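Before any comments, here is the structure.
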Amino acid sequence: MLDAKIPAGPVDQKWTKYKGSVKLVNPANKRKLEVIVVGTGLAGASAAASLGELGYKVKAFCFQDSPRRAHSIAAQGGINAAKNYQNDGDSVYRLFYDTIKGGDYRAREANVHRLAEVSTSIIDQCVAQGVPFAREYGGLLSNRSFGGTQVQRTFYAAGQTGQQLLIGAYQALERQISLGNVTMHSRHEMLDVVMIDGKARGIICRNLVNGELERHFGHAVLLCTGGYGNVFYLSTNAMGSNATAIWKAHKKGAYFGNPCFTQIHPTCIPVSGDHQSKLTLMSESLRNDGRIWVPKQKRETRKSIDIPEEERDYYLERRYPAFGNLVPRDVASRAAKERCDAGYGVGTSKQAVYLDFADAIKRYGKIEAGKRGLENADEATIIKLGKEDVKEKYGNLFDMYEKITGENPYEVPMRIYPAVHYTMGGLWVDYDLMTTVPGLYTLGEANFSDHGANRLGASALMQGLADGYFVIPYTIGNYLADEIRTAEIPTDHPAFIQTENAVSDRLNILMGIKGKQTVESFHKRLGKIMWDKCGMARNAEGLKQAISEIQQLKKEFWSDVRIPGEINEMNPELDKAGRVADFIELGELMCIDALQREESCGGHFREESQTEEGEALRHDDKFMYVSNWEYQGDHQWELHKEALNYEVVKPSQRSYK
Amino acid sequence: MTHKNINLKLKVWKQKNSKSAGNFETFVVKDISTEMSFLEMFDVLNERLIGEGKEPIAFDHDCREGICGTCSMYINGRPHGPWHATTTCQLHMRAFNDGDTIVVEPWRANAFQVIKDLMVDRSAFDRIIQAGGFISVNTGNAVDANSMPVEKDKADASFAAAACIGCGACVAACKNSSAMLFVSAKVTHLALLPQGSPERRTRALNMVAQMDKEGFGSCTNTGACEAVCPKEISIENIARLNKEYLMAGLTLEK
Ligand SMILES: Cc1cc2nc3c(=O)[nH]c(=O)nc-3n(C[C@H](O)[C@H](O)[C@H](O)COP(=O)(O)OP(=O)(O)OC[C@H]3O[C@@H](n4cnc5c(N)ncnc54)[C@H](O)[C@@H]3O)c2cc1C
Ligand code: SF4
Ligand code: FES
């Protein structure tokens, strides 16, 4: 059995007690301790900056040309915190409860409670750094409701919350760099963990500019490398987002938790053709005002605006009258798939539904006309005023939609379809955020996280910053306090040489294949297998097929991939090849995990496990655990369960009817 | 949604690395859907080149949503191409006509060395931020977020400046390769907030000093930067930076 090292005591006192009793490292010793931070998104930048401030010697790495460009930058909607500034009944407990319930009772209570507790400090910290959150006329911070919660606890900066939070963390990081506490290595990709006497002691990485391999020592190694949604090829993730760092760590002994838990976001711009390389998210906030519908008639050919009201099926409002268009992401995504599969989809591909703002435009127009005292405003005036209002709220999203599709969403409904967005799974970590490898930590989206089987909107940014600013600075002391006698290990230690040689051999093998098919073509094929068989709905037969198809794909990849260029120079195709090779192996594990979990929970929908009305059906008696996979060799894993005990929240079936 | 396929001629800058000389190479691309983004057109071309046993064209990109600031192509004499307030990754092929010739180059500036083909080294921007583009507050030192109200119009103006994505188009567009728009956006973002106020004088001086050290040119107010900025950062920020800088010089010198 895995021990998560959860402190004793009532859930709301665990973290306070932990902080009061955790081991400390004195300032003089901190200067002698080196910490490697791989990844400088919200989780990594906040961790590197905070550890640098504490006096540790930090080395940070990212593959982009600057830490400011991590994928976190793309988050649009907002960040949650239990501030209760709106006086609408929010509290730490309520945020904790919502997160546990939203995660469909597959997250760890102690961690989630800690997350809710520190959420308030995150907002304080960010404001102090100069993050320009939206404000009200009185000068105080503004909040909105997000992702179907009943309180307004989401802080935001227009549609650029991730950018502003990351710039805040990035600036704190750059400050530590200028003070000499952090050394930054941009355009570097970590390719393996170095293990000495059973502990993580460093990394091997490739300098992406000149192709050289480098060895770096650290008393501890933190992986903050983001999610692995790009297993599916098409996703809302940035093009470079990848699983390589956590996958290498997995192969060195770190267990992988709940790999199949993937979040499919309901509101993305649909695929337009084979050339497509990524999908674009349309913020969830649009569901606050847009109404989702499909035609009542199968294979409808009329234009959206020519279909009369009574021939439209507002299927979310019909199926879920209580929550309507604001049902959680997993529910909204599956409902869209159900309609499209049944033949009601719209657009050229028929794999899309409408998100319509016509009613919202009219409603806002009337309110605005009222405010301006225009009593008998005609329809045209109302629509004009309404459009102005909607523009104020969502202008940047509407512009982006128009740039991509060439359609004007003020005039015709948007077409949307679900897309892969976030991975709840990741490396298993204990309460300290340490993996099963001593000295190796994982933060942010890369860990199996606090979101259980489904993440609530605006909670990933919160978790990344909680891990980096407020959790790791304490928990790392627990480990490093016992390492103060470990002197810096020179990188000519045999373990460094051996690991570097293994990395170099693999790169040489890849370059030596000289086959016929491009890396991209393999990635696309993997993505299609995963999307079709391990996507929004999964069943045993499909998953078994997927596993054998992926094994076949792996063979083909290692015998027929073509990588141009040289090994000892900048070579983006070689970098991509390494990532895709790892995605292929991870894809297999995801299918194995999905096959094993014979229940539906959160984003994981097993067709065999549903109610008569087609809703997800959990099996708490059999599956109330985290599935953790230990790598045992090619195509072989052993399952270790971490039982989940609910002491505070009583699990119930989610219902949004 | 009327999409069609077009054929184009591309003249693209190819350069092996920072030490070698570069030159233009011509590529013909056929059947490009006008639904594609500009970078997807490059993806298609690169797939073809690899298939033909040739080297693909290296270019920087990541989010492809116009927010990370990574993409950076100088298209037909304009950073990020013809569309107003649009990054290279958000530019779509609808902007072009069948038979067009498109010239694509990297950002050109002394401070931005070419790394390969269309990729340049923009680490000078990070060093400018290191010189002062931050508020000195350690984790855990913060007071309650609502204890210091900020006037909404100031907060909004600060936000507008903070929207800069650090892409460097402003530098690429400027005949002097000045980084004033970038620096002024950061100075404005922080100076307008009460939290950023205590350090505003040293910040302006230090960031400008670093900018000069990196080899960016001086600003002669041509406005080329503002015209190409994908985030519509206003040139008024430069006026504010000049004011901050002057005030800082006066108060620190006495
Ligand atoms: C379009 C979009 C919108 C979103 N909107 C929201 C939202 O509104 N609210 C919310 O809460 N969440 C949102 N999310 C989710 C959230 O943005 C992410 O979960 C979160 O930002 C992840 O942060 P991170 O620090 O864990 O990883 P990332 O930001 O992905 O950073 C990963 C870092 O690791 C580095 N890295 C990776 N591999 C290596 C390697 N091998 N070697 C060296 N470096 C490496 C990268 O360079 C990067 O610096 C959104 C996600 C997407 C895709
Ligand atoms: S000011 Fe505009 S053009 Fe210059 S770096 Fe910022 S976003 Fe890019
Ligand atoms: S790729 Fe991120 S802004 Fe263009």
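Following the order of the structure tokens, chains are lettered A, B, ..., residues in each are numbered from 1, and ligands are numbered from 1.
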**OP:** Would you list the contacts of segment 148-162 of chain B as a ChimeraX atom specification, taking every protein, DNA or RNA residue within 9 Å and counting only C-alpha atoms, but skipping same-chain residues closer than 4 positions in sequence?
**Re:** /A:131-141,157-158,164,167 /B:143-144,184-195,231-234,237
**OP:** Please identify every polymer residue within 8 Å of ligand 3, using only C-alpha atoms and all ligand atoms, and present the set as a PyMOL selection string.
**Re:** (chain A and resi 69+238) or (chain B and resi 60-72+87-90+165+167)
Just to be explicit: take each residue in the selection above, keep C-alpha atoms, and write the result as an mmCIF file, in the first residue's frame.
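again00.cif, freshly written:
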data_model
loop_
_atom_site.group_PDB
_atom_site.id
_atom_site.type_symbol
_atom_site.label_atom_id
_atom_site.label_comp_id
_atom_site.auth_asym_id
_atom_site.auth_seq_id
_atom_site.Cartn_x
_atom_site.Cartn_y
_atom_site.Cartn_z
ATOM 1 C CA ARG A 69 6.296 31.693 -22.555
ATOM 2 C CA ALA A 238 0.635 24.587 -26.636
ATOM 3 C CA ASP B 60 9.671 29.664 -33.172
ATOM 4 C CA HIS B 61 6.113 29.005 -32.009
ATOM 5 C CA ASP B 62 4.258 27.429 -29.116
ATOM 6 C CA CYS B 63 0.760 28.484 -28.025
ATOM 7 C CA ARG B 64 -0.561 29.306 -31.508
ATOM 8 C CA GLU B 65 -3.201 31.404 -29.793
ATOM 9 C CA GLY B 66 -1.522 34.790 -29.977
ATOM 10 C CA ILE B 67 -0.568 34.935 -26.325
ATOM 11 C CA CYS B 68 2.846 33.368 -25.618
ATOM 12 C CA GLY B 69 4.781 35.777 -27.829
ATOM 13 C CA THR B 70 6.980 33.042 -29.284
ATOM 14 C CA CYS B 71 6.092 33.245 -32.974
ATOM 15 C CA SER B 72 8.011 35.883 -34.842
ATOM 16 C CA THR B 87 0.456 37.604 -34.207
ATOM 17 C CA THR B 88 1.988 35.403 -36.881
ATOM 18 C CA CYS B 89 0.254 32.322 -35.469
ATOM 19 C CA GLN B 90 -3.170 33.963 -35.693
ATOM 20 C CA ILE B 165 3.589 39.510 -24.859
ATOM 21 C CA CYS B 167 7.341 39.186 -28.902
#
**OP:** Please identify all polymer residues within 6 Å of Lys11 of chain B, counting only C-alpha atoms, omitting same-chain residues fewer than 3 positions from it, and present them as JSON, numbers by chain.
**Re:** {"B": [24, 25, 26, 103]}
Keeping only C-alpha atoms, write those residues as a CSV table (one decimal), in the first residue's frame.
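This went into again.csv:
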chain,number,residue,atom,x,y,z
B,24,PHE,CA,16.7,33.5,-49.3
B,25,GLU,CA,15.3,30.2,-50.7
B,26,THR,CA,12.2,29.9,-52.8
B,103,VAL,CA,8.7,37.0,-48.3
Original post:
If you count only C-alpha atoms, which residues fall within 12 Å of Asn501 of chain A, apart from same-chain ones fewer than 4 positions away, as number ranges by chain?
Top reply: A: 191-192, 194, 204-205, 213-215, 494-497, 505-508
Subject >> Residues within 12 Å of Pro82 of chain B, only C-alpha atoms, excluding chain neighbours under 4 positions, as a PyMOL selection string >> reply: chain B and resi 38+73-78+86-88+90-96+102-103+227-230
The selected residues should be written to file as a compact mmCIF listing (two decimals), in the first residue's frame (atoms: C-alpha atoms).
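Saved file again_5.txt follows:
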# COMPACT_ATOMS: atom_id res chain seq x y z
CA PHE B 38 0.11 30.92 -41.60
CA MET B 73 8.04 36.15 -38.61
CA TYR B 74 8.69 39.24 -40.66
CA ILE B 75 6.19 38.81 -43.48
CA ASN B 76 6.28 40.97 -46.59
CA GLY B 77 8.16 43.70 -44.80
CA ARG B 78 5.98 43.73 -41.69
CA THR B 86 -2.48 39.90 -34.96
CA THR B 87 0.46 37.60 -34.21
CA THR B 88 1.99 35.40 -36.88
CA GLN B 90 -3.17 33.96 -35.69
CA LEU B 91 -2.67 35.20 -39.23
CA HIS B 92 -4.70 33.03 -41.60
CA MET B 93 -4.24 32.30 -45.26
CA ARG B 94 -7.44 34.18 -46.05
CA ALA B 95 -5.16 37.21 -46.00
CA PHE B 96 -3.51 36.12 -49.27
CA ILE B 102 5.34 36.03 -49.75
CA VAL B 103 8.71 37.04 -48.32
CA ALA B 227 1.52 50.12 -35.76
CA VAL B 228 2.68 46.51 -35.69
CA CYS B 229 2.21 45.60 -32.04
CA PRO B 230 -0.11 42.60 -31.89
Original post:
What residues have any atom no more than 6 Å from ligand 1 when counting only C-alpha atoms and all ligand atoms, and can you list them as number ranges by chain?
Top reply: A: 38-44, 61-64, 67, 70-72, 74-79, 188-191, 224-226, 236-237, 242, 244-245, 281, 421, 444-446, 457-462, 464
